[in-house]
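For reference, the structure is listed below as structure tokens.
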Amino acid sequence: MAESLSVVVTTYNSAATLDACLASVRWADDIVVLDSGSTDATLAIAAHYGARVATQPFAGYSAQKQAAIDLALHRWVLLLDSDEAVPADAGKTIRQALVHPTEAGFLIWRREWIFWQWQSSRSRLNHYVRLFDRQRARMSNHQVHEEVQVDGRVGVLDVVLDHYGERDIAGRVDKANRYSTLQVADLGGKGRRGVRMRMLTNATAAFFRYYLLRGHWRSGWAGFIAARIHAFYAFLKYAKLYEATRANAREQRLPGNDAD
């Protein structure tokens, strides 16, 4: 018999995608939705699917997800974003993986919706630990690009999540701006000299990796635009870090800030 499973989702004004997300996991033993103050139909959609709903102010991406995981009834958790959905046959695959599992967690593949189309089937998929034993796993402490850290062996499931993400260019640019600001805290230990070099080189390297190595050139203009924004994000996070180091240095030089 398979282990019981809790599906965990964090939400904020997620009505546009939450219906598809929860409909895709209605077979789960337990659905938890942790909301951070939605004003749209998010809570009504969660109630429609019988989810256990809790609310708390947004504590940051990692901390919010960890708080939601802690609300799960069962040891095994499937962690989803509110703009993700699992395919129709995924339930059977996941149930089979949870029959006497020896792994502490499983990687799951994810395909991306890029503005007006799915990424090419021949481009590289991302993969993340999303199914895990919560007694042997915790969220990382990153401000953004948080991940599940597992203490034990990690397997790979033949499951591909659908990630709807940002539906337009403006949304992706806005996300790059928000995430680059948050990443300043994660990158804060780097020296200013290294930051200047990264401002010069990282955007080009990021474009090369995303567009060519990951194969998004196969997605036509959608892939090209996404690669350009990805490169801009790679530049922007170090530009903001450089700005922060200059601001800190200027503050230390102000009168009254001299060391005793």
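Please note that chains go A, B, ... in the order of the structure tokens, that every chain numbers its residues from 1, and that ligands are numbered from 1 in the order shown.
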
I'd like the contact shell of stretch 78-81 of chain A - 8 Å cut-off, only C-alpha atoms, skipping same-chain residues fewer than 3 positions apart - returned as a ChimeraX atom specification.
/A:5-11,69,84-85,130-132

Contacts of A:Gly171 within 12 Å, only C-alpha atoms, excl. fewer than 4 positions in-chain, as JSON, numbers by chain:
{"A": [114, 115, 164, 165, 166, 167, 175, 176, 177, 178, 226, 229]}

When DSSP is applied to the backbone of this structure, which of stretch 19-232 of chain A are assigned strand (DSSP E)? Write them out as a PyMOL selection string.
chain A and resi 30-35+52-55+76-81+84-85+105-114+117-118+126-133+137-139+148-150+154-163

Write out as a list in words the residues lying within 8 Å of A:Ala41, counting only C-alpha atoms and excluding same-chain residues fewer than 5 positions away.
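The residues that qualify are Asn13, Ser14 and Ala15 of chain A.
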
Excluding A:Leu34 and its own-chain neighbours fewer than 5 positions away, which residues fall within 10 Å of it when counting only C-alpha atoms? Please give them as a ChimeraX atom specification.
/A:8-12,43,46,51-58,64-65,67-69,71

Export, as a PDB file, in the first residue's frame, the selected residues with C-alpha atoms.
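See result34.pdb below for the written result:
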ATOM      1  CA  VAL A   8       0.840  21.614  -0.293  1.00  0.00           C
ATOM      2  CA  VAL A   9       0.268  24.897  -2.149  1.00  0.00           C
ATOM      3  CA  THR A  10       1.002  28.507  -1.172  1.00  0.00           C
ATOM      4  CA  THR A  11      -1.218  31.182  -2.705  1.00  0.00           C
ATOM      5  CA  TYR A  12      -1.754  34.892  -3.132  1.00  0.00           C
ATOM      6  CA  LEU A  43     -10.069  30.947  -1.135  1.00  0.00           C
ATOM      7  CA  ALA A  46      -9.551  26.133  -2.493  1.00  0.00           C
ATOM      8  CA  ALA A  51      -8.551  21.963   0.758  1.00  0.00           C
ATOM      9  CA  ARG A  52      -7.641  22.767   4.337  1.00  0.00           C
ATOM     10  CA  VAL A  53      -7.027  26.503   4.175  1.00  0.00           C
ATOM     11  CA  ALA A  54      -4.842  28.518   6.527  1.00  0.00           C
ATOM     12  CA  THR A  55      -3.754  32.136   6.283  1.00  0.00           C
ATOM     13  CA  GLN A  56      -0.707  34.046   7.445  1.00  0.00           C
ATOM     14  CA  PRO A  57       1.152  37.155   6.262  1.00  0.00           C
ATOM     15  CA  PHE A  58       3.742  36.455   3.588  1.00  0.00           C
ATOM     16  CA  GLN A  64       6.041  30.540   3.592  1.00  0.00           C
ATOM     17  CA  LYS A  65       6.474  27.189   1.878  1.00  0.00           C
ATOM     18  CA  ALA A  67       5.064  26.883   7.051  1.00  0.00           C
ATOM     19  CA  ALA A  68       2.692  25.233   4.578  1.00  0.00           C
ATOM     20  CA  ILE A  69       4.666  21.971   4.671  1.00  0.00           C
ATOM     21  CA  LEU A  71       0.620  21.988   8.146  1.00  0.00           C
TER      22      LEU A  71
END

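Candidate residues A:Thr245, A:Ala23, A:Gln66, A:Phe232 were compared for distance to A:Ala47, and the nearest is A:Ala23, using only C-alpha atoms.
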
Would you return as a list of chain:residue names the members of stretch 80-178 of chain A that DSSP assigns to helix (DSSP H, G or I) on this structure's backbone?
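Selecting the helix (DSSP H, G or I) positions of stretch 80-178 of chain A gives A:Ala90, A:Gly91, A:Lys92, A:Thr93, A:Ile94, A:Arg95, A:Gln96, A:Ala97, A:Arg134, A:Gln135, A:Arg136, A:Ile169, A:Ala170, A:Gly171, A:Arg172, A:Val173, A:Asp174, A:Lys175, A:Ala176, A:Asn177, A:Arg178.
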
Between atom CA of A:Arg110 and atom CA of A:Val77, what is the distance, to one decimal in Å?
17.3 Å

Can you tell me, as a PyMOL selection string, what residues are no more than 9 Å from A:Tyr179 when counting only C-alpha atoms, ignoring any on the same chain fewer than 5 positions away?
chain A and resi 143-145+174+184+233+237

Go ahead and write the residues just picked, N, CA, C and O atoms, as a short mmCIF file (atom, residue, chain, number, x, y, z; two decimals), in the first residue's frame.
data_model
loop_
_atom_site.label_atom_id
_atom_site.label_comp_id
_atom_site.auth_asym_id
_atom_site.auth_seq_id
_atom_site.Cartn_x
_atom_site.Cartn_y
_atom_site.Cartn_z
N GLN A 143 16.41 33.66 -0.35
CA GLN A 143 15.33 34.63 -0.52
C GLN A 143 14.50 34.31 -1.76
O GLN A 143 13.28 34.46 -1.75
N VAL A 144 15.16 33.89 -2.83
CA VAL A 144 14.48 33.45 -4.05
C VAL A 144 15.17 32.19 -4.55
O VAL A 144 16.23 31.81 -4.08
N HIS A 145 14.55 31.52 -5.52
CA HIS A 145 15.05 30.25 -6.03
C HIS A 145 15.24 29.26 -4.88
O HIS A 145 16.21 28.48 -4.84
N ASP A 174 8.75 42.13 -14.71
CA ASP A 174 8.45 42.51 -13.33
C ASP A 174 9.03 41.49 -12.34
O ASP A 174 9.59 41.86 -11.31
N VAL A 184 19.85 40.26 -3.68
CA VAL A 184 20.95 41.02 -3.12
C VAL A 184 21.35 40.45 -1.76
O VAL A 184 22.54 40.35 -1.43
N TYR A 233 18.08 39.74 -16.18
CA TYR A 233 17.99 39.39 -14.76
C TYR A 233 19.38 39.06 -14.20
O TYR A 233 19.73 39.50 -13.10
N LYS A 237 20.77 41.57 -11.04
CA LYS A 237 21.02 41.19 -9.65
C LYS A 237 22.40 41.64 -9.18
O LYS A 237 22.58 42.03 -8.02
#

Atom-to-atom span, atom CA of A:Leu236 and atom CA of A:Ser180, Å
6.2 Å

Listing only residues of stretch 104-132 of chain A within 8 Å of stretch 196-217 of chain A, what is the closest atom pair and its distance in Å (to one decimal) for each, using only C-alpha atoms, sorted by chain and residue number ascending, as JSON lines?
{"residue": "A:Gln119", "atom": "CA", "partner": "A:His216", "partner_atom": "CA", "distance": 7.1}
{"residue": "A:Ser120", "atom": "CA", "partner": "A:His216", "partner_atom": "CA", "distance": 7.0}
{"residue": "A:Arg122", "atom": "CA", "partner": "A:Gly215", "partner_atom": "CA", "distance": 7.1}
{"residue": "A:Ser123", "atom": "CA", "partner": "A:Gly215", "partner_atom": "CA", "distance": 4.4}
{"residue": "A:Arg124", "atom": "CA", "partner": "A:Arg214", "partner_atom": "CA", "distance": 4.9}
{"residue": "A:Leu125", "atom": "CA", "partner": "A:Arg214", "partner_atom": "CA", "distance": 8.0}
